[in-house]
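The file final.cif contains mmCIF, C-alpha atoms and all ligand atoms:
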data_work
#
loop_
_atom_site.label_atom_id
_atom_site.label_comp_id
_atom_site.auth_asym_id
_atom_site.auth_seq_id
_atom_site.Cartn_x
_atom_site.Cartn_y
_atom_site.Cartn_z
CA MET A 1 1.03 41.51 28.54
CA SER A 2 1.27 45.29 28.52
CA ASP A 3 -0.55 47.40 25.92
CA LYS A 4 2.61 49.26 24.98
CA LYS A 5 4.38 46.12 23.99
CA LYS A 6 4.69 45.55 20.27
CA ASN A 7 3.28 42.23 19.17
CA TRP A 8 4.47 40.37 16.11
CA PRO A 9 2.74 41.89 13.09
CA LEU A 10 0.47 40.01 10.68
CA TRP A 11 1.77 38.83 7.29
CA GLU A 12 -0.09 37.55 4.24
CA VAL A 13 1.33 34.45 2.60
CA PHE A 14 1.28 33.72 -1.13
CA VAL A 15 2.46 30.37 -2.48
CA ARG A 16 3.29 29.21 -5.99
CA SER A 17 2.38 25.52 -6.00
CA LYS A 18 4.53 24.73 -9.03
CA ASN A 19 6.35 26.57 -11.76
CA GLY A 20 3.95 27.72 -14.41
CA LEU A 21 1.29 28.71 -11.87
CA GLU A 22 0.83 32.08 -10.21
CA HIS A 23 1.36 32.73 -6.51
CA ARG A 24 -1.94 32.34 -4.71
CA HIS A 25 -3.06 33.69 -1.35
CA PHE A 26 -2.79 30.87 1.20
CA GLY A 27 -3.51 32.62 4.48
CA SER A 28 -1.74 34.71 7.06
CA LEU A 29 0.50 34.40 10.09
CA HIS A 30 2.37 36.41 12.68
CA ALA A 31 6.14 36.94 12.61
CA ALA A 32 8.62 39.48 13.91
CA ASP A 33 10.19 40.14 10.52
CA ALA A 34 10.12 39.11 6.87
CA GLU A 35 12.68 36.35 7.27
CA MET A 36 10.75 34.75 10.12
CA ALA A 37 7.52 35.17 8.17
CA LEU A 38 9.05 33.15 5.32
CA GLU A 39 10.25 30.42 7.67
CA ASN A 40 6.91 30.23 9.45
CA ALA A 41 5.06 30.20 6.13
CA ARG A 42 7.13 27.22 5.08
CA ASP A 43 6.17 25.34 8.25
CA VAL A 44 2.53 26.39 8.36
CA TYR A 45 1.53 26.28 4.70
CA THR A 46 3.90 23.92 2.86
CA ARG A 47 4.31 20.80 5.00
CA ARG A 48 3.25 18.55 2.12
CA ASN A 49 5.00 19.94 -0.95
CA GLU A 50 2.31 22.55 -1.52
CA GLY A 51 4.78 25.03 -2.90
CA VAL A 52 7.99 25.87 -4.73
CA SER A 53 8.02 29.59 -3.96
CA ILE A 54 6.65 31.80 -1.18
CA TRP A 55 5.92 35.52 -0.98
CA VAL A 56 5.16 37.22 2.30
CA VAL A 57 3.97 40.78 2.69
CA GLU A 58 3.03 42.58 5.84
CA SER A 59 -0.76 42.82 5.87
CA LYS A 60 -0.75 46.55 6.58
CA HIS A 61 0.85 47.20 3.18
CA ILE A 62 -2.11 45.77 1.29
CA THR A 63 -4.69 48.22 0.01
CA ALA A 64 -8.01 46.49 -0.55
CA SER A 65 -11.13 47.68 -2.33
CA ASN A 66 -14.20 48.08 -0.20
CA PRO A 67 -17.25 45.86 -0.85
CA SER A 68 -19.48 48.94 -0.53
CA ASP A 69 -17.80 50.32 -3.68
CA ASN A 70 -18.50 47.16 -5.64
CA GLY A 71 -21.32 48.76 -7.62
CA GLU A 72 -19.22 51.61 -8.86
CA LEU A 73 -16.17 49.42 -9.46
CA PHE A 74 -17.55 46.31 -11.05
CA GLU A 75 -21.04 46.96 -12.38
CA PRO A 76 -19.96 49.05 -15.38
CA ALA A 77 -18.47 45.87 -16.89
CA GLN A 78 -21.82 44.14 -16.84
CA ASP A 79 -23.43 45.94 -19.78
CA LYS A 80 -20.39 45.80 -22.04
CA VAL A 81 -21.48 42.70 -23.89
CA TYR A 82 -19.50 43.82 -26.94
CA ARG A 83 -16.36 42.75 -25.05
CA HIS A 84 -17.35 39.14 -25.59
CA PRO A 85 -16.94 37.22 -28.85
CA THR A 86 -20.54 35.99 -28.92
CA PHE A 87 -21.76 39.60 -29.37
CA TYR A 88 -20.71 39.51 -33.04
CA ASP A 89 -23.01 37.89 -35.62
CA LEU A 90 -21.19 35.97 -38.29
CA PRO A 91 -22.56 33.51 -40.83
CA ASP A 92 -22.09 29.82 -40.04
CA GLU A 93 -19.93 29.36 -43.16
CA VAL A 94 -17.14 31.29 -41.54
CA LYS A 95 -14.88 28.70 -39.95
CA HIS A 96 -12.07 28.93 -37.41
CA MET A 97 -13.18 32.20 -35.84
CA MET B 1 -28.23 53.28 10.16
CA SER B 2 -31.96 53.04 10.86
CA ASP B 3 -33.53 49.82 12.09
CA LYS B 4 -35.27 49.47 8.77
CA GLU B 5 -32.02 49.75 6.85
CA VAL B 6 -30.37 47.15 9.07
CA LYS B 7 -33.31 44.82 8.60
CA ASN B 8 -33.03 45.27 4.87
CA LEU B 9 -29.31 44.49 4.94
CA GLU B 10 -29.96 41.45 7.09
CA GLU B 11 -32.48 40.10 4.62
CA MET B 12 -30.05 40.56 1.74
CA PHE B 13 -27.36 38.90 3.82
CA GLU B 14 -29.47 35.83 4.64
CA ALA B 15 -30.56 35.56 1.01
CA CYS B 16 -26.94 35.66 -0.10
CA ILE B 17 -26.10 32.73 2.20
CA ALA B 18 -29.21 30.85 1.09
CA ARG B 19 -27.92 31.17 -2.51
CA ASP B 20 -24.72 29.46 -1.30
CA GLU B 21 -22.65 32.60 -1.77
CA LYS B 22 -19.76 33.14 0.63
CA ILE B 23 -19.34 35.97 3.08
CA GLU B 24 -15.88 37.55 3.07
CA PRO B 25 -14.31 39.52 5.94
CA LYS B 26 -14.94 43.03 4.63
CA ASP B 27 -18.57 42.35 3.66
CA TRP B 28 -21.31 43.73 5.84
CA MET B 29 -22.54 41.13 8.36
CA PRO B 30 -24.94 41.16 11.29
CA GLU B 31 -23.17 41.61 14.59
CA LYS B 32 -24.53 38.29 15.78
CA TYR B 33 -23.00 36.52 12.80
CA ARG B 34 -19.63 38.09 13.58
CA GLN B 35 -19.77 37.20 17.28
CA THR B 36 -20.98 33.65 16.68
CA HIS B 37 -18.19 33.07 14.20
CA ILE B 38 -15.54 34.55 16.46
CA ARG B 39 -16.73 32.23 19.21
CA GLN B 40 -16.94 29.09 17.10
CA ILE B 41 -13.74 29.59 15.07
CA SER B 42 -11.69 30.54 18.12
CA GLN B 43 -13.06 27.62 20.10
CA HIS B 44 -12.06 25.41 17.23
CA ALA B 45 -8.56 26.95 17.09
CA HIS B 46 -8.11 26.55 20.85
CA SER B 47 -9.11 22.89 20.56
CA GLU B 48 -6.43 22.26 17.94
CA ILE B 49 -3.80 23.94 20.11
CA VAL B 50 -4.77 22.33 23.43
CA GLY B 51 -5.23 19.07 21.54
CA MET B 52 -1.47 18.90 21.04
CA LEU B 53 -0.90 18.44 24.77
CA PRO B 54 -2.28 14.95 25.44
CA GLU B 55 -0.44 13.58 22.41
CA GLY B 56 2.74 15.57 22.96
CA ASN B 57 2.93 13.59 26.19
CA TRP B 58 3.97 10.51 24.17
CA ILE B 59 6.35 11.91 21.55
CA THR B 60 9.49 11.10 23.51
CA ARG B 61 8.16 7.66 24.43
CA ALA B 62 6.82 6.47 21.09
CA PRO B 63 7.78 2.79 20.69
CA SER B 64 9.66 3.17 17.39
CA LEU B 65 11.17 5.81 15.14
CA ARG B 66 8.34 5.25 12.65
CA ARG B 67 5.73 5.95 15.31
CA LYS B 68 7.65 8.90 16.64
CA ALA B 69 7.98 10.54 13.22
CA ALA B 70 4.26 10.03 12.56
CA LEU B 71 3.20 11.39 15.94
CA LEU B 72 5.48 14.41 15.61
CA ALA B 73 4.04 15.13 12.18
CA LYS B 74 0.49 14.78 13.49
CA VAL B 75 1.06 17.08 16.43
CA GLN B 76 2.72 19.59 14.12
CA ASP B 77 -0.35 19.41 11.86
CA GLU B 78 -2.58 20.22 14.83
CA ALA B 79 -0.46 23.32 15.51
CA GLY B 80 -0.94 24.23 11.85
CA HIS B 81 -4.71 23.73 12.14
CA GLY B 82 -4.78 26.05 15.12
CA LEU B 83 -2.84 28.66 13.17
CA TYR B 84 -5.06 28.48 10.06
CA LEU B 85 -8.08 28.93 12.30
CA TYR B 86 -6.65 31.75 14.40
CA SER B 87 -5.89 33.71 11.23
CA ALA B 88 -9.37 33.03 9.85
CA CYS B 89 -10.78 34.31 13.15
CA GLU B 90 -8.61 37.43 13.10
CA THR B 91 -10.20 38.52 9.80
CA LEU B 92 -13.35 39.18 11.87
CA GLY B 93 -11.57 41.97 13.72
CA ILE B 94 -10.25 40.32 16.87
CA SER B 95 -6.51 40.19 17.57
CA ARG B 96 -4.43 37.09 18.23
CA GLU B 97 -3.54 38.49 21.66
CA GLU B 98 -7.20 38.83 22.60
CA LEU B 99 -7.85 35.28 21.45
CA TYR B 100 -5.00 33.90 23.57
CA GLU B 101 -6.14 36.00 26.48
CA GLN B 102 -9.62 34.46 26.25
CA LEU B 103 -8.13 30.96 26.25
CA HIS B 104 -5.66 31.59 29.05
CA SER B 105 -8.17 33.32 31.32
CA GLY B 106 -10.58 30.39 30.94
CA LYS B 107 -13.18 32.59 29.28
CA ALA B 108 -12.99 30.66 26.00
CA LYS B 109 -13.76 26.98 25.76
CA TYR B 110 -12.04 24.21 23.86
CA SER B 111 -13.15 20.67 23.12
CA SER B 112 -13.64 18.76 26.39
CA ILE B 113 -12.09 15.62 24.98
CA PHE B 114 -8.63 17.05 25.61
CA ASN B 115 -9.24 17.15 29.33
CA TYR B 116 -8.81 13.38 29.53
CA PRO B 117 -5.36 11.90 30.28
CA THR B 118 -3.22 9.79 27.93
CA ILE B 119 -1.94 7.14 30.30
CA THR B 120 -0.79 4.41 27.91
CA TRP B 121 0.58 4.25 24.38
CA ALA B 122 -2.73 2.75 23.24
CA ASP B 123 -4.35 6.09 24.06
CA ILE B 124 -2.43 7.60 21.15
CA GLY B 125 -3.96 4.97 18.90
CA ALA B 126 -7.44 5.55 20.32
CA ILE B 127 -7.16 9.32 19.94
CA GLY B 128 -6.18 9.12 16.28
CA TRP B 129 -8.85 6.56 15.53
CA LEU B 130 -11.74 7.96 17.59
CA VAL B 131 -11.02 11.61 18.38
CA ASP B 132 -9.68 12.52 14.95
CA GLY B 133 -12.39 10.32 13.46
CA ALA B 134 -15.09 12.29 15.29
CA ALA B 135 -13.36 15.56 14.38
CA ILE B 136 -13.43 14.62 10.70
CA ILE B 137 -17.18 13.99 10.85
CA ASN B 138 -17.69 17.36 12.53
CA GLN B 139 -15.36 19.19 10.14
CA VAL B 140 -16.16 17.90 6.67
CA PRO B 141 -19.51 19.76 6.46
CA LEU B 142 -17.71 22.97 7.48
CA CYS B 143 -15.76 22.99 4.21
CA ASN B 144 -18.98 24.46 2.77
CA THR B 145 -19.75 26.87 5.58
CA SER B 146 -20.78 30.42 4.68
CA PHE B 147 -17.80 32.38 6.00
CA GLY B 148 -15.08 32.20 3.32
CA PRO B 149 -11.93 32.20 5.49
CA TYR B 150 -13.37 29.51 7.78
CA ALA B 151 -14.41 27.32 4.84
CA ARG B 152 -10.97 27.64 3.22
CA ALA B 153 -9.19 26.79 6.47
CA MET B 154 -11.42 23.74 6.87
CA VAL B 155 -10.62 22.46 3.39
CA ARG B 156 -6.94 22.47 4.29
CA VAL B 157 -7.59 20.92 7.72
CA CYS B 158 -9.74 18.12 6.31
CA LYS B 159 -7.11 17.21 3.73
CA GLU B 160 -4.63 16.65 6.55
CA GLU B 161 -6.89 14.81 9.00
CA SER B 162 -7.19 11.51 7.24
CA PHE B 163 -3.58 10.56 7.93
CA HIS B 164 -4.22 11.30 11.62
CA GLN B 165 -7.03 8.81 11.82
CA ARG B 166 -5.23 6.15 9.80
CA GLN B 167 -2.05 6.32 11.87
CA GLY B 168 -4.17 5.95 15.02
CA TYR B 169 -6.05 2.97 13.68
CA GLU B 170 -2.79 1.37 12.60
CA ILE B 171 -1.48 1.69 16.17
CA MET B 172 -4.64 -0.02 17.44
CA LEU B 173 -4.33 -2.74 14.82
CA THR B 174 -0.73 -3.45 15.75
CA LEU B 175 -1.61 -3.69 19.44
CA CYS B 176 -4.60 -5.92 18.72
CA ASN B 177 -2.43 -8.28 16.69
CA GLY B 178 0.22 -8.31 19.43
CA THR B 179 0.45 -10.04 22.80
CA GLU B 180 -2.53 -10.53 25.12
CA GLU B 181 -1.26 -7.65 27.19
CA GLN B 182 -1.04 -5.35 24.19
CA LYS B 183 -4.54 -6.25 23.10
CA ALA B 184 -5.82 -5.60 26.62
CA MET B 185 -4.16 -2.21 26.47
CA ALA B 186 -6.05 -1.41 23.25
CA GLN B 187 -9.32 -2.56 24.82
CA ASP B 188 -8.69 -0.42 27.88
CA ALA B 189 -8.06 2.63 25.70
CA LEU B 190 -11.29 2.03 23.79
CA ASN B 191 -13.13 1.68 27.10
CA ARG B 192 -11.91 5.06 28.27
CA TRP B 193 -12.19 7.02 25.00
CA TRP B 194 -15.47 5.70 23.59
CA TRP B 195 -17.94 7.73 25.62
CA PRO B 196 -15.97 11.00 25.65
CA SER B 197 -15.68 10.64 21.84
CA LEU B 198 -19.47 10.41 21.55
CA MET B 199 -19.72 13.56 23.65
CA MET B 200 -17.60 15.42 21.09
CA PHE B 201 -20.73 15.92 18.99
CA GLY B 202 -22.24 18.04 21.73
CA PRO B 203 -25.54 17.86 23.61
CA THR B 204 -28.55 16.03 22.15
CA ASP B 205 -30.69 17.94 19.66
CA ALA B 206 -33.35 18.43 22.32
CA GLU B 207 -30.80 20.25 24.51
CA SER B 208 -28.87 22.08 21.82
CA THR B 209 -29.76 25.75 21.63
CA HIS B 210 -27.97 27.10 18.57
CA THR B 211 -28.90 24.51 15.99
CA GLU B 212 -31.47 26.39 13.91
CA GLN B 213 -29.43 29.55 13.48
CA SER B 214 -26.29 27.51 12.85
CA MET B 215 -28.04 25.54 10.14
CA LYS B 216 -29.07 28.76 8.41
CA TRP B 217 -25.52 30.08 8.44
CA LYS B 218 -24.19 26.69 7.39
CA LEU B 219 -22.10 26.38 10.52
CA LYS B 220 -23.98 23.13 10.75
CA ARG B 221 -25.44 20.93 8.07
CA LYS B 222 -26.50 18.01 10.22
CA THR B 223 -27.61 17.95 13.84
CA ASN B 224 -25.47 16.73 16.73
CA ASP B 225 -27.48 13.52 16.99
CA GLU B 226 -27.22 12.80 13.27
CA LEU B 227 -23.45 13.26 13.32
CA ARG B 228 -23.11 11.11 16.44
CA GLN B 229 -25.12 8.34 14.80
CA GLN B 230 -22.94 8.56 11.70
CA PHE B 231 -19.84 8.20 13.86
CA ILE B 232 -21.19 5.17 15.72
CA ASP B 233 -22.34 3.47 12.53
CA GLN B 234 -18.95 3.81 10.89
CA THR B 235 -16.83 3.08 13.97
CA VAL B 236 -18.45 -0.08 15.34
CA PRO B 237 -17.45 -2.23 12.32
CA GLN B 238 -13.90 -0.86 12.69
CA ALA B 239 -13.83 -2.06 16.30
CA ASP B 240 -15.03 -5.46 15.06
CA ILE B 241 -12.06 -5.66 12.70
CA LEU B 242 -9.75 -4.89 15.61
CA GLY B 243 -11.50 -7.61 17.62
CA ILE B 244 -12.19 -5.38 20.62
CA THR B 245 -15.52 -4.52 22.22
CA VAL B 246 -17.26 -1.18 22.33
CA PRO B 247 -18.04 -0.60 26.03
CA ASP B 248 -21.81 -0.25 25.62
CA PRO B 249 -24.05 -3.21 26.58
CA ASP B 250 -26.99 -1.52 24.79
CA LEU B 251 -25.18 -1.26 21.48
CA LYS B 252 -27.13 -3.25 18.89
CA TRP B 253 -27.75 -3.09 15.17
CA ASN B 254 -31.32 -2.02 14.46
CA ASP B 255 -32.38 -3.44 11.12
CA GLU B 256 -35.49 -1.32 10.95
CA ARG B 257 -33.67 1.98 11.48
CA GLY B 258 -30.63 0.91 9.53
CA HIS B 259 -28.50 2.23 12.38
CA TYR B 260 -26.95 1.07 15.63
CA ASP B 261 -28.98 1.68 18.78
CA PHE B 262 -26.80 2.74 21.67
CA GLY B 263 -26.94 3.38 25.39
CA GLU B 264 -27.45 6.54 27.41
CA ILE B 265 -24.58 9.04 27.43
CA ASP B 266 -23.55 10.32 30.86
CA TRP B 267 -24.33 14.01 30.31
CA ASP B 268 -23.47 14.85 33.91
CA GLU B 269 -19.91 13.86 33.20
CA PHE B 270 -19.98 15.95 30.02
CA TRP B 271 -21.13 19.10 31.82
CA GLN B 272 -18.68 18.53 34.68
CA VAL B 273 -15.79 18.49 32.23
CA VAL B 274 -17.15 21.49 30.30
CA LYS B 275 -17.36 23.42 33.57
CA GLY B 276 -13.71 22.73 34.32
CA HIS B 277 -13.89 19.66 36.54
CA GLY B 278 -12.51 17.06 34.15
CA PRO B 279 -9.43 15.01 35.04
CA CYS B 280 -6.96 17.35 33.26
CA ASN B 281 -8.60 20.78 32.82
CA LYS B 282 -6.18 22.49 35.20
CA GLU B 283 -3.13 20.72 33.86
CA ARG B 284 -3.96 21.64 30.23
CA LEU B 285 -4.60 25.28 30.94
CA ASN B 286 -1.49 25.58 33.10
CA ALA B 287 0.61 24.05 30.34
CA ARG B 288 -0.77 26.60 27.85
CA VAL B 289 -0.29 29.57 30.11
CA SER B 290 3.25 28.66 31.11
CA ALA B 291 4.23 28.00 27.49
CA TRP B 292 2.95 31.49 26.66
CA GLU B 293 4.61 33.16 29.62
CA GLU B 294 7.92 31.35 29.34
CA GLY B 295 8.05 32.20 25.66
CA GLU B 296 7.60 35.89 26.27
CA TRP B 297 11.29 36.74 26.28
CA VAL B 298 11.73 34.95 22.96
CA ARG B 299 8.91 36.93 21.37
CA ASP B 300 10.30 40.17 22.76
CA ALA B 301 13.84 39.38 21.64
CA ALA B 302 12.66 38.58 18.11
CA MET B 303 10.73 41.85 17.96
CA ALA B 304 13.69 43.84 19.30
CA TYR B 305 15.98 42.20 16.75
CA ALA B 306 13.54 42.98 13.92
CA GLU B 307 13.36 46.61 14.99
CA LYS B 308 17.12 46.91 15.21
CA GLN B 309 17.49 45.47 11.71
CA GLU B 310 14.95 48.00 10.42
CA GLU B 311 16.82 50.87 12.05
CA ARG B 312 20.12 49.69 10.66
CA LYS B 313 18.65 49.48 7.17
CA ALA B 314 17.29 53.01 7.53
CA THR B 315 20.61 54.51 8.65
CA THR B 316 22.69 52.81 5.94
CA LYS B 317 20.20 54.08 3.38
CA LYS B 318 20.60 57.62 4.70
CA ALA B 319 24.38 57.35 4.72
CA SER B 320 24.67 56.19 1.11
FE FE C 401 -6.74 19.04 13.68
FE FE C 402 -6.10 15.75 13.72
#

As structure tokens, how would this structure be written, given the file I've shared?
Amino acid sequence: MSDKKKNWPLWEVFVRSKNGLEHRHFGSLHAADAEMALENARDVYTRRNEGVSIWVVESKHITASNPSDNGELFEPAQDKVYRHPTFYDLPDEVKHM
Amino acid sequence: MSDKEVKNLEEMFEACIARDEKIEPKDWMPEKYRQTHIRQISQHAHSEIVGMLPEGNWITRAPSLRRKAALLAKVQDEAGHGLYLYSACETLGISREELYEQLHSGKAKYSSIFNYPTITWADIGAIGWLVDGAAIINQVPLCNTSFGPYARAMVRVCKEESFHQRQGYEIMLTLCNGTEEQKAMAQDALNRWWWPSLMMFGPTDAESTHTEQSMKWKLKRKTNDELRQQFIDQTVPQADILGITVPDPDLKWNDERGHYDFGEIDWDEFWQVVKGHGPCNKERLNARVSAWEEGEWVRDAAMAYAEKQEERKATTKKAS
């Protein structure tokens, strides 16, 4: 195998298990192009009726957040208790709210 | 990073695992954790892939269409298991090509059980029953292992394994309810696969080097000896139902322990096979390497076709 040779790129596979549910990340695989990625995804991830729809996207097109930024990204939400219904004090007589 | 900072990170990391939190690919991890996982997950993937070979041997000679369809589906599942595991392994920063290279050069190991030959149809029954049975016992605890991608792959694998074991046992059952000759064939397969199956759990706890660290990282939840005992305890009654005899004169129920006592495992044989001197080591590796090499032109052609399609798309876009 020479270094110059292009290997099949990596694809991420998302499967909708049934209508009404969102596509969920199932895993990844290698394929030469999108069409082959779809066919391989069918064989690798849906051999037992696990899905009714498949998305594939080449892994290099995904931009992911970095765990080292988690503080800056996600911590600000922690002290915003007023975003939750239990923050608000109402008398017990108030029903259906 | 200073040594102190690394030590700090390591402590946080171990605490995170102790709290049963998962580690995901982009999280910081000690180098040893990364390397150990690359080794274990790739070894596992290689085992699934090489494991197709002994069974593939019987696909064209399965005794009925029902058996053939089941065996094909099982072997296809094993390919799938290998693929789930290779992709989990790649998230740790090693490429698929490097992983194959390690297998093909003999640098990486795979489960020794696949270096034994499948000489009769009963071997297909024995493999499903015993080898997949042992694999299930090894794999179920890994569904809760600390590395997220590995744990998720194992959940999918475990869901698929139970059909493998059942179809194997059904083959054994059919043979054992058949003619004298068929039953003898089942007994012979049990004789040959019993001890290698026990070896699948690895060296005894006294000899096993990685256990403590592996327990901490949840790569292991029970020791080799505990898992082996579990396998024996659940398999012996299944052999009784088949009406065939486990080839161990020392095998005896121990009321006090609540377990079966069993005879000495031939660890010399185990290490011989691990070191490459089993009955089929060469044959298995050659089959892998030639499949890879003979498939090269197909992989290249697919890549060339994909690139041509891309180019064509680009030029039509420009033209319009
Ligand atoms: Fe498997
Ligand atoms: Fe299996």

Taking only C-alpha atoms and all ligand atoms and a cut-off of 10 Å, can you tell me which residues surround ligand FE 402 (chain C), written as a PDB file with C-alpha atoms, keeping the file's coordinate frame?
ATOM      1  CA  GLU B  48      -6.430  22.260  17.940  1.00  0.00           C
ATOM      2  CA  GLY B  51      -5.230  19.070  21.540  1.00  0.00           C
ATOM      3  CA  MET B  52      -1.470  18.900  21.040  1.00  0.00           C
ATOM      4  CA  LYS B  74       0.490  14.780  13.490  1.00  0.00           C
ATOM      5  CA  VAL B  75       1.060  17.080  16.430  1.00  0.00           C
ATOM      6  CA  GLN B  76       2.720  19.590  14.120  1.00  0.00           C
ATOM      7  CA  ASP B  77      -0.350  19.410  11.860  1.00  0.00           C
ATOM      8  CA  GLU B  78      -2.580  20.220  14.830  1.00  0.00           C
ATOM      9  CA  ALA B  79      -0.460  23.320  15.510  1.00  0.00           C
ATOM     10  CA  HIS B  81      -4.710  23.730  12.140  1.00  0.00           C
ATOM     11  CA  ILE B 127      -7.160   9.320  19.940  1.00  0.00           C
ATOM     12  CA  GLY B 128      -6.180   9.120  16.280  1.00  0.00           C
ATOM     13  CA  TRP B 129      -8.850   6.560  15.530  1.00  0.00           C
ATOM     14  CA  VAL B 131     -11.020  11.610  18.380  1.00  0.00           C
ATOM     15  CA  ASP B 132      -9.680  12.520  14.950  1.00  0.00           C
ATOM     16  CA  GLY B 133     -12.390  10.320  13.460  1.00  0.00           C
ATOM     17  CA  ALA B 134     -15.090  12.290  15.290  1.00  0.00           C
ATOM     18  CA  ALA B 135     -13.360  15.560  14.380  1.00  0.00           C
ATOM     19  CA  ILE B 136     -13.430  14.620  10.700  1.00  0.00           C
ATOM     20  CA  VAL B 157      -7.590  20.920   7.720  1.00  0.00           C
ATOM     21  CA  CYS B 158      -9.740  18.120   6.310  1.00  0.00           C
ATOM     22  CA  GLU B 160      -4.630  16.650   6.550  1.00  0.00           C
ATOM     23  CA  GLU B 161      -6.890  14.810   9.000  1.00  0.00           C
ATOM     24  CA  SER B 162      -7.190  11.510   7.240  1.00  0.00           C
ATOM     25  CA  PHE B 163      -3.580  10.560   7.930  1.00  0.00           C
ATOM     26  CA  HIS B 164      -4.220  11.300  11.620  1.00  0.00           C
ATOM     27  CA  GLN B 165      -7.030   8.810  11.820  1.00  0.00           C
TER      28      GLN B 165
END

Compute the set of chain B residues within 8 Å of chain A, using only C-alpha atoms, and express it as a list in words.
Lys26, Asp27, Gly80, Leu83, Tyr84, Ser87, Ala88, Arg299, Ala302, Met303 and Ala306 of chain B

Nearest residue to ligand FE 401 (chain C) out of B:Ser197, B:Ser320, B:Thr36, B:Ser47, using all atoms listed in the file?
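Smallest separation from ligand FE 401 (chain C) among the options: B:Ser47.
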
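Nearest-residue note for ligand FE 401 (chain C): choosing from B:Glu310, B:Ala45, B:Pro237, B:Asp225, the minimum distance belongs to B:Ala45, counting all atoms listed in the file.
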
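Among the candidates B:Gly82, B:Gly106, B:Pro203, B:Gly243, the one nearest to Leu175 of chain B when counting all atoms listed in the file is B:Gly243.
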
Looking at B:Asp248, B:Glu10, B:Glu90, B:Glu24, which one is nearest to Ser59 of chain A, with distances taken over only C-alpha atoms?
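Answer, going by the shortest atom-to-atom distance: B:Glu90.
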
Which residue is closest to ligand FE 401 (chain C)? Choose from B:Ala108, B:Ile49, B:Ile137, B:Ala319 and count only C-alpha atoms and all ligand atoms.
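Going through B:Ala108, B:Ile49, B:Ile137, B:Ala319 one by one, the smallest distance to ligand FE 401 (chain C) is for B:Ile49.
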
Between atom CA of Glu75 of chain A and atom CA of Ala15 of chain B, what is the distance in Å, rounded to a tenth?
20.0 Å

With distances taken over all atoms listed in the file, which residue among A:His96, A:Trp11, A:Gly20, A:Phe87 lies nearest Val52 of chain A?
A:Gly20

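In this model, the gap between atom CA of Gly278 of chain B and atom CA of Gly263 of chain B comes to 21.7 Å.
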
A straight line from atom CA of Arg39 of chain B to atom CA of Cys89 of chain B spans 8.7 Å

Considering all atoms listed in the file, return as a list in words whatever protein or nucleic-acid residues lie within 9 Å of Leu71 of chain B, sequence-local ones (same chain, fewer than 4 positions apart) excluded.
Glu55, Gly56, Trp58, Ile59, Ala62, Arg66, Arg67, Val75, Gln76, Ile124, His164 and Gln167 of chain B
